[in-house]
Amino acid sequence: MKLIKPSILFFALAFFWSCSTEKNKVLNREFHNLHAKYNGFFNANEIIKVTYNDFLKTRKENYNLILPIFPLPDLEQSKNWYAPMDTAYRKCELVIFSHRMPHAKKGKNRNREWCKYIDDNWMTMGKTRFYKKDLPNALKIFQHIENHYEIEDNYYESIFWQSKVLIEMGAFDEAEEILLSLIIKFEEQQLEAKDQEKLSTKQKVRLALIYNERIDYLESKEPVISPNIIHKIYPTLADLYIQNKSYKKAIENLEIAVENKYKKAFKTRLFFVLAQLYHLENNFKASLYYQEVVERNPEYEMAFQAKINRALSFSGRDSKAIKSQLLKMLKDDKNIEYFDQIYYALAEISFKNNLEELGKEQLQKSINLSTNNVPQKIKSMKRMGDLFFEKSQYIKSYLYYDSIQKTALKAYQNKDQVDKKYKLLKNIFTNKTLIEKNDSLFAICALDPKQRTDKIYEVLDLELAKRAKKLEAPLIASANKALSIPSSNSPINQSFFIWDQKMLERGKVEFDKKWGKRILEDNWRRGSKTAMFLEENEETSFSFSNSELFDELSQNLPCDNQNQLKSMKDSNMISLFNLGIIHHYETKNLLLSEKYFKRIIENYQPETQSIASIYELYNIYKDLERPRESREMKELLLSKYPKSKYSKLLSGDENLNDSQKAMKKEQKLYSQLFSLYQAGNYSKVLETCSYKTKDSTNPLICQYGLLKAYSLKKLNDTANNSRELINTLKFISNQCLGTDIADQAIAVLNDLKIKTAQNLMKKENWKFNFSPDTIHYFILIAPKGGFSMNKAKNNVADFNSVNFSDLKLKVSNTFLNTSDQMIIVKRFDNSKKALDYFLAFKVNNGAIKSYRKEKFFVVTPQNLKELYLEKNTDNYLKFFKEFYQ
């Protein structure tokens with residue numbers, strides 16, 4: 001008992017003595033190392049690990065795209081990381097403040113750190129900012145480690161993480177430079193290490209036991225790059241090159257990476273990504289690497305996708321074996337949800353084996369079976385649409401591309417290309433539909449009255465059969481679950497023209513199914529044939545069925561309206577010209593373009609479009625190497641329309657020098673481009689003008705710039721287009737200063753600056769003002785009887801303390817009107833911070849997720865006053881969506 005009290009006193013004194021951060025003694029260092037390691041570094045990293053694993057469990061891979069080598073949360077997903085990352089950050093921050101040695105960095109120890117886990121805690125803090133998408137602060141932390149911990153293992157690790165941050169920021173060149181310099185440095189160190197003497201066992205023991213000697217030794221030599229860092233660099237370089245779309249460089253680095261040792265799941269992922277990249281390059285190695293993935297026995301979906309992609313990338317030699325494997329997969333119930341992908345792969349094999357009809361049938365099955373996998377449905381429809389496009393069957397192609405536009409998915413692979421082709425096909429469909437409709441009406445009007453009546457009856461038969469089929473469709477569908485062609489591609493749903501012979505034949509088949517074979521006689525519907533012989537002024541007791549439809553069809557014919565007939569003829573001419581231009585310059589289908597231009601010349605001279613058509617045919621025949629016809633068009637143009645601008649383009653070439661010929665060539669191209677603009681092909685004009693304006697020496701740069709601006713204005717349906725329009729006008733005003741074109745651009749630019757801010761306000765009659773740099777509040781509308789106000793306020797306050805504690809937000813409530821209340825969160829310095837909170841609130845899966853169905857938004861104090869006056873949120877929500885989202 002006598003020894004217990006002194007012992008307790010001794011250990012208590014030893015404990016308090018070791019707490020000092022200003023003494024560089026073994027006991028002090030070990031005490032602070034222990035706390036720095038487990039209170040901060042270990043616990044914080046466990047939080048990161050658990051959060052990342054939870055993220056991977058809920059994340060779904062998109063195998064339609066190249067898999068990311070390092071799966072990371074996007075900006076929206078990162079909002080759910082705020083709470084755990086802030087917790088981990090604060091743990092490390094507290095440890096650094098409490099256990100750094102010496103605490104006061106001054107004098108000879110101002111650049112010293114005796115606690116060996118302080119730099120590890122800094123590294124963990126940087127990682128929390130990285131996963132939280134706070135990239136600027138993450139970069140600062142990693143740079144701090146590089147500048148202050150040169151003798152620690154984390155020195156090169158921090159440099160490596162700087163490159164990862166830069167990749168996420170899109171600074172690919174800077175990141176690449178860092179990673180390549182680390183590889184070069186490592187190779188240099190490996191060469192130098194061969195010439196250096198190795199430490200003896202005695203020296204190693206001495207350095208391990210004597211702290212000061214160990215520190216002096218580390219400071220005297222350059223820090224060494226760990227092989228583990230180098231192993232991480234090659235996948236990181238591949239990730240950089242994939243994001244930068246430098247796929248060949250990505251392949252080179254992945255080939256090196258797969259030779260190193262990694263965890264099984266990660267290495268399998270590298271093999272899969274490598275196979276995808278080779279697949280993009282149409283390299284047979286893709287099939288080999290997909291097989292490697294399958295043999296490594298990954299999780300089921302990756303194994304399945306590897307088998308499918310192997311089938312899509314096969315070289316042609318082993319098609320039977322692959323096809324057999326795919327057919328076997330169709331018999332496995334586990335693959336029911338993947339049948340659409342299997343049929344797509346089977347279709348591709350059929351196409352490679354020149355079995356086009358079978359391939360189309362399998363592709364249609366893929367489309368029909370894609371109920372949940374929208375990206376695959378889009379992929380299959382695009383493939384089918386492209387098949388018809390290649391065969392110049394543009395209307396069928398349009399139907400598939402139109403179906404893509406109606407899908408719920410707004411973001412998918414190659415969306416820009418799909419949208420671009422859709423606009424082209426829609427233009428073809430619209431013009432061709434108009435021509436066919438007008439032609440059918442012209443043909444009807446050309447008939448004598450009796451023939452016209454008979455033709456209307458034929459149309460009526462078709463319409464009756466169509467309606468009957470609609471009524472029968474639900475019964476057929478319930479009785480027969482067999483696959484069918486999508487309704488958007490069904491001929492019965494296509495635009496119907498009464499002079500379409502194929503449609504009439506198809507309708508007759510439908511009619512016979514419903515009414516049976518009948519004698520070909522007039523007025524077969526009439527119940528009493530004797531009624532036909534009654535005098536016209538006698539009152540009849542009969543009526544034929546669907547008389548209203550007959551009257552409607554008869555009355556809608558424009559046969560007696562000369563103005564309407566002329567308008568139809570003019571619209572036909574414009575549509576024919578549009579189709580000629582489209583097929584000449586966009587689809588490159590010169591024979592089809594020739595057909596439309598010839599029809600214009602035959603029927604519409606001397607209209608402006610007919611003169612332009614002669615010139616277009618002249619160029620088409622030159623491209624088709626048909627000199628006789630080209631010469632005929634030239635002679636026709638020069639003899640019949642010598643004063644036209646097209647005749648001037650064709651005359652006088654012999655006396656021009658090289659620069660004049662180049663200028664004339666440029667003018668010709670501009671003229672063709674302007675014709676495209678007139679035809680409404682604004683996307684093509686925009687693409688060409690954007691390319692032309694990059695050449696500052698182009699003599700028509702001002703004209704191209706202005707045409708680009710006009711095209712942007714026509715396509716001005718997005719914020720990006722609006723910004724590009726303003727930038728283009730600024731470019732013209734600077735580049736072409738002193739010209740009429742520049743004056744025109746300046747006038748439009750000034751007008752835009754005023755109207756962009758005012759037009760929408762006037763249109764909607766809003767009293768709200770958009771002030772993004774002023775103070776903002778977050779508002780949650782609480783309808784009467786919707787939920788408990790006190791509970792909601794507490795939940796919002798808890799959400800704030802966990803996710804936005806640094807903003808010191810305050811929660812209050814007030815009445816908006818007699819029934820609704822508002823929960824107000826104050827305050828945010830600007831709209832950016834307010835919208836950051838808005839998005840975090842929207843995606844959070846905690847207690848506040850039950851309020852997502854309610855109205856919530858951000859608002860400035862001034863606009864909140866206007867909201868109080870209006871007492872209704874609907875008008876402000878329109879304003880909010882327009883300016884903030």
# chains A, B, ... in the order shown; residues from 1 in each chain; ligands from 1
>>> select_by_dssp(residues="stretch 325-419 of chain A", states="alpha helix (DSSP H)", output="VMD selection string")
chain A and resid 325 to 330 339 to 352 356 to 369 374 to 390 394 to 405 415 to 419
>>> residues_around(residues="A:Ser644", least_positions_apart="6", cutoff="12 Å", atoms="only C-alpha atoms", output="PDB file with C-alpha atoms, in the first residue's frame")
ATOM      1  CA  PRO A 606     -38.068  30.874-114.209  1.00  0.00           C
ATOM      2  CA  GLU A 607     -38.385  30.930-110.401  1.00  0.00           C
ATOM      3  CA  THR A 608     -35.253  31.800-108.401  1.00  0.00           C
ATOM      4  CA  GLN A 609     -35.042  28.267-107.013  1.00  0.00           C
ATOM      5  CA  SER A 610     -35.090  26.811-110.537  1.00  0.00           C
ATOM      6  CA  ILE A 611     -32.104  28.992-111.582  1.00  0.00           C
ATOM      7  CA  ALA A 612     -30.247  27.913-108.448  1.00  0.00           C
ATOM      8  CA  ILE A 614     -29.525  24.572-112.692  1.00  0.00           C
ATOM      9  CA  TYR A 615     -26.333  25.747-111.000  1.00  0.00           C
ATOM     10  CA  LEU A 636     -28.683  26.604-120.180  1.00  0.00           C
ATOM     11  CA  LEU A 637     -27.723  28.945-117.349  1.00  0.00           C
ATOM     12  CA  LEU A 638     -25.606  31.273-119.510  1.00  0.00           C
ATOM     13  CA  LEU A 650     -19.505  30.452-114.177  1.00  0.00           C
ATOM     14  CA  SER A 651     -18.093  33.101-116.541  1.00  0.00           C
TER      15      SER A 651
END
>>> atom_distance(atom1="atom CA of A:Ile779", atom2="atom CA of A:Ala792")
12.4 Å
>>> atom_distance(atom1="atom CA of A:Asn283", atom2="atom CA of A:Asn309")
12.6 Å
>>> residues_around(residues="stretch 47-51 of chain A", least_positions_apart="3", cutoff="7 Å", atoms="only C-alpha atoms", output="JSON, numbers by chain")
{"A": [43, 44, 54, 55, 84, 85, 88]}
